[in-house]
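Below is start25.cif, holding mmCIF, C-alpha atoms.
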data_work
loop_
_atom_site.label_atom_id
_atom_site.label_comp_id
_atom_site.auth_asym_id
_atom_site.auth_seq_id
_atom_site.Cartn_x
_atom_site.Cartn_y
_atom_site.Cartn_z
CA MET A 1 0.00 0.00 0.00
CA ARG A 2 3.02 2.26 -0.24
CA ASN A 3 1.79 4.06 -3.35
CA TYR A 4 -1.97 3.97 -2.70
CA PHE A 5 -2.20 7.77 -2.72
CA ILE A 6 -0.13 10.93 -2.95
CA ILE A 7 -0.73 14.18 -1.12
CA LYS A 8 -1.11 17.12 -3.50
CA GLN A 9 -1.89 19.79 -0.88
CA LYS A 10 -2.20 20.09 2.87
CA GLU A 11 -3.41 22.78 5.27
CA ILE A 12 -2.94 22.09 8.96
CA GLU A 13 -4.31 24.21 11.79
CA SER A 14 -4.55 23.67 15.55
CA GLU A 15 -7.54 21.27 15.57
CA GLN A 16 -8.30 20.72 11.91
CA ALA A 17 -6.60 19.87 8.64
CA ARG A 18 -7.41 19.49 4.98
CA PHE A 19 -5.54 17.26 2.55
CA VAL A 20 -6.02 17.04 -1.20
CA VAL A 21 -4.96 13.59 -2.36
CA GLU A 22 -4.84 11.56 -5.53
CA LEU A 23 -5.39 7.81 -5.65
CA GLN A 24 -2.70 6.03 -7.66
CA ALA A 25 -4.09 3.68 -10.31
CA ASP A 26 -0.82 1.71 -10.47
CA CYS A 27 -1.06 0.61 -6.81
CA ALA A 28 -0.90 -3.19 -6.49
CA VAL A 29 -4.08 -3.23 -4.38
CA TYR A 30 -6.15 -2.75 -7.55
CA GLU A 31 -4.79 -5.98 -9.07
CA GLY A 32 -7.22 -7.79 -6.77
CA HIS A 33 -9.81 -5.09 -6.16
CA PHE A 34 -10.88 -5.40 -9.02
CA PRO A 35 -8.88 -6.09 -12.22
CA GLY A 36 -10.18 -3.92 -15.04
CA ASN A 37 -12.63 -2.17 -12.71
CA PRO A 38 -10.55 -0.70 -9.85
CA ILE A 39 -12.46 0.23 -6.70
CA ALA A 40 -10.72 1.78 -3.70
CA PRO A 41 -10.98 -0.68 -0.77
CA GLY A 42 -12.65 0.71 2.34
CA ALA A 43 -9.81 -0.46 4.59
CA CYS A 44 -7.29 1.38 2.40
CA ASN A 45 -9.36 4.56 2.63
CA ILE A 46 -9.37 4.29 6.43
CA GLU A 47 -5.59 3.79 6.35
CA MET A 48 -5.24 6.86 4.11
CA VAL A 49 -7.14 8.92 6.71
CA ARG A 50 -4.94 7.50 9.50
CA ARG A 51 -1.77 8.47 7.63
CA CYS A 52 -3.00 12.00 6.91
CA ALA A 53 -4.06 12.39 10.54
CA GLY A 54 -0.58 11.32 11.64
CA ILE A 55 0.96 14.00 9.44
CA ALA A 56 -1.46 16.60 10.83
CA LEU A 57 -0.67 15.67 14.43
CA GLY A 58 3.03 15.15 13.81
CA ARG A 59 3.22 11.60 15.14
CA GLU A 60 2.45 8.00 14.27
CA LEU A 61 -1.18 7.23 15.12
CA ARG A 62 -3.05 4.06 15.85
CA ILE A 63 -6.83 3.82 15.56
CA SER A 64 -8.16 2.39 18.81
CA ALA A 65 -11.87 2.63 17.93
CA ILE A 66 -14.11 3.45 14.98
CA ARG A 67 -17.41 4.84 16.25
CA VAL A 68 -18.87 5.69 12.82
CA CYS A 69 -17.83 4.36 9.43
CA LYS A 70 -20.04 5.22 6.45
CA PHE A 71 -19.15 4.54 2.83
CA MET A 72 -21.52 6.66 0.74
CA MET A 73 -20.01 6.18 -2.71
CA LEU A 74 -17.45 4.06 -4.51
CA LEU A 75 -14.08 5.69 -5.01
CA ARG A 76 -11.94 4.86 -8.02
CA PRO A 77 -8.50 6.11 -8.98
CA GLY A 78 -8.85 9.10 -11.31
CA GLN A 79 -12.62 9.44 -10.76
CA PRO A 80 -12.50 12.19 -9.63
CA GLU A 81 -8.86 13.04 -10.12
CA GLN A 82 -8.50 14.39 -6.57
CA LEU A 83 -10.16 13.76 -3.22
CA THR A 84 -10.33 16.05 -0.21
CA ILE A 85 -9.84 14.72 3.31
CA ASP A 86 -11.17 17.01 6.05
CA LEU A 87 -10.07 16.23 9.61
CA ARG A 88 -11.19 17.74 12.90
CA TRP A 89 -10.01 16.56 16.30
CA LYS A 90 -10.23 17.22 20.00
CA ASN A 91 -7.92 15.22 22.26
CA ASP A 92 -8.14 11.59 21.08
CA ARG A 93 -11.42 11.99 19.13
CA MET A 94 -11.27 12.64 15.40
CA ASP A 95 -13.91 13.24 12.75
CA ALA A 96 -12.91 12.64 9.15
CA ILE A 97 -14.68 12.98 5.86
CA ILE A 98 -13.44 12.13 2.39
CA LEU A 99 -15.03 14.29 -0.28
CA ALA A 100 -15.24 13.50 -3.99
CA GLU A 101 -16.04 16.67 -5.93
CA ASP A 102 -17.43 18.21 -2.71
CA LYS A 103 -19.76 15.24 -2.15
CA PRO A 104 -19.30 13.09 0.98
CA ALA A 105 -17.83 9.70 0.05
CA VAL A 106 -16.60 8.37 3.40
CA GLN A 107 -17.39 9.54 6.93
CA LEU A 108 -15.44 8.38 9.98
CA LYS A 109 -15.51 9.09 13.71
CA LEU A 110 -12.37 7.68 15.27
CA THR A 111 -10.53 7.40 18.55
CA VAL A 112 -6.78 7.62 17.98
CA VAL A 113 -3.77 7.04 20.20
#

Could you render the structure as C-alpha cells?
Amino acid sequence: MRNYFIIKQKEIESEQARFVVELQADCAVYEGHFPGNPIAPGACNIEMVRRCAGIALGRELRISAIRVCKFMMLLRPGQPEQLTIDLRWKNDRMDAIILAEDKPAVQLKLTVV
C-alpha cells in the first residue's frame, strides 16, 4: 500500500486539517480489487485517513476505535482526479470525511492514540 495515494496539498491548523490527495491507479491493491474495474478498498481509505491524521498531528497514530464508518459512494482512482480529506479533532477523538467533488464519500468518527 506504499503508493496507494499521494498528497497534493495540505493545510494544517490547531484542531483541523485538509488534505487534497490523488489515488494512484498503479497501486498493487487494484490488481485484486478489481482487475479492469478498480475500486478503492474501504480499509485502504481508512488507512489513508490515518496516515494523513498522523501527518497533521506530527506523530504516528493508531486507531483504537471506529465509532462511525459510512461509505456513501465508490471511489476509483482518477474518478475524480483528486479527493479532499477534512479532519477535525479534539484530544483523542477525530472526525474525518473524504469528499469526492465536494460530495461526501466516506465519513469516519475515530478514537486515535

**OP:** Any chance you could resolve the PyMOL selection byres ((chain A and resi 68-74) around 10) against this file and give the residues as a list in words?
**Re:**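 Applying the expression gives Pro38, Ile39, Ala40, Pro41, Gly42, Asn45, Ile46, Ala65, Ile66, Arg67, Leu75, Arg76, Gln79, Asp95, Ala96, Ile97, Ile98, Leu99, Ala100, Lys103, Pro104, Ala105, Val106, Gln107, Leu108, Lys109 and Leu110 of chain A.
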
Subject >> Hits of the PyMOL selection byres ((chain A and resi 78) around 8) in this structure, as a list in words >> reply: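 Selected by the PyMOL selection byres ((chain A and resi 78) around 8) here: Glu22, Leu23, Gln24, Ala25, Arg76, Pro77, Gln79, Pro80, Glu81 and Gln82 of chain A.
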
**OP:** Using the chain letters and numbers from the file, give me the residues hit by the PyMOL selection byres ((chain A and resi 15) around 12), as a PyMOL selection string.
**Re:** chain A and resi 11-14+16-18+53+56-57+86-95

Subject >> Of the listed residues A:Met1, A:Val20, A:Cys27, A:Val113, that which approaches Arg59 of chain A most closely, counting only C-alpha atoms >> reply: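 Under the stated criterion, the closest residue is A:Val113.
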
Subject >> Separation of atom CA of Arg51 of chain A from atom CA of Phe19 of chain A in Å >> reply: 10.8 Å

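Considering all atoms listed in the file, the residue among A:Asp26, A:Met48, A:Tyr4, A:Val112 positioned nearest to Leu61 of chain A is A:Val112.
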
Original post:
Any idea what the distance is between atom CA of Arg62 of chain A and atom CA of Phe34 of chain A?
Top reply: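 Calculated distance between atom CA of Arg62 of chain A and atom CA of Phe34 of chain A is 27.7 Å.
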
Atom completion result for segment 37-48 of chain A (all heavy atoms) as a short mmCIF file (atom, residue, chain, number, x, y, z; two decimals), in the frame of the given file:
data_model
loop_
_atom_site.label_atom_id
_atom_site.label_comp_id
_atom_site.auth_asym_id
_atom_site.auth_seq_id
_atom_site.Cartn_x
_atom_site.Cartn_y
_atom_site.Cartn_z
N ASN A 37 -11.58 -3.00 -13.29
CA ASN A 37 -12.63 -2.17 -12.71
C ASN A 37 -12.21 -1.76 -11.29
O ASN A 37 -12.82 -2.18 -10.31
CB ASN A 37 -13.95 -2.93 -12.68
CG ASN A 37 -15.11 -2.07 -12.23
OD1 ASN A 37 -15.07 -0.85 -12.32
ND2 ASN A 37 -16.15 -2.71 -11.72
N PRO A 38 -11.12 -0.98 -11.17
CA PRO A 38 -10.55 -0.70 -9.85
C PRO A 38 -11.49 0.10 -8.94
O PRO A 38 -12.07 1.10 -9.35
CB PRO A 38 -9.29 0.11 -10.17
CG PRO A 38 -9.55 0.72 -11.50
CD PRO A 38 -10.43 -0.24 -12.23
N ILE A 39 -11.66 -0.43 -7.73
CA ILE A 39 -12.46 0.23 -6.70
C ILE A 39 -11.58 0.35 -5.46
O ILE A 39 -10.95 -0.62 -5.05
CB ILE A 39 -13.74 -0.56 -6.38
CG1 ILE A 39 -14.63 -0.64 -7.62
CG2 ILE A 39 -14.48 0.06 -5.21
CD1 ILE A 39 -15.81 -1.58 -7.47
N ALA A 40 -11.54 1.54 -4.89
CA ALA A 40 -10.72 1.78 -3.70
C ALA A 40 -11.29 1.00 -2.51
O ALA A 40 -12.44 1.20 -2.14
CB ALA A 40 -10.69 3.27 -3.39
N PRO A 41 -10.50 0.10 -1.91
CA PRO A 41 -10.98 -0.68 -0.77
C PRO A 41 -11.22 0.21 0.45
O PRO A 41 -10.45 1.12 0.74
CB PRO A 41 -9.84 -1.66 -0.49
CG PRO A 41 -9.01 -1.67 -1.73
CD PRO A 41 -9.17 -0.32 -2.33
N GLY A 42 -12.31 -0.07 1.16
CA GLY A 42 -12.65 0.71 2.34
C GLY A 42 -11.53 0.74 3.37
O GLY A 42 -11.22 1.79 3.95
N ALA A 43 -10.89 -0.41 3.61
CA ALA A 43 -9.81 -0.46 4.59
C ALA A 43 -8.64 0.43 4.17
O ALA A 43 -8.01 1.07 5.02
CB ALA A 43 -9.33 -1.90 4.77
N CYS A 44 -8.37 0.50 2.88
CA CYS A 44 -7.29 1.38 2.40
C CYS A 44 -7.66 2.85 2.57
O CYS A 44 -6.80 3.69 2.86
CB CYS A 44 -6.99 1.07 0.94
SG CYS A 44 -6.28 -0.58 0.68
N ASN A 45 -8.93 3.17 2.42
CA ASN A 45 -9.36 4.56 2.63
C ASN A 45 -9.24 4.94 4.10
O ASN A 45 -8.85 6.07 4.42
CB ASN A 45 -10.78 4.76 2.13
CG ASN A 45 -10.86 4.63 0.62
OD1 ASN A 45 -9.91 4.93 -0.08
ND2 ASN A 45 -11.99 4.16 0.13
N ILE A 46 -9.54 4.02 5.00
CA ILE A 46 -9.37 4.29 6.43
C ILE A 46 -7.88 4.48 6.74
O ILE A 46 -7.50 5.40 7.48
CB ILE A 46 -9.98 3.15 7.28
CG1 ILE A 46 -11.50 3.13 7.10
CG2 ILE A 46 -9.60 3.31 8.75
CD1 ILE A 46 -12.18 1.90 7.68
N GLU A 47 -7.03 3.65 6.16
CA GLU A 47 -5.59 3.79 6.35
C GLU A 47 -5.08 5.12 5.80
O GLU A 47 -4.22 5.77 6.40
CB GLU A 47 -4.86 2.62 5.69
CG GLU A 47 -3.36 2.73 5.68
CD GLU A 47 -2.70 2.71 7.05
OE1 GLU A 47 -3.37 2.49 8.07
OE2 GLU A 47 -1.47 2.95 7.10
N MET A 48 -5.62 5.57 4.68
CA MET A 48 -5.24 6.86 4.11
C MET A 48 -5.58 7.99 5.09
O MET A 48 -4.77 8.90 5.30
CB MET A 48 -5.96 7.06 2.77
CG MET A 48 -5.68 8.36 2.07
SD MET A 48 -6.35 8.42 0.38
CE MET A 48 -8.12 8.19 0.66
#
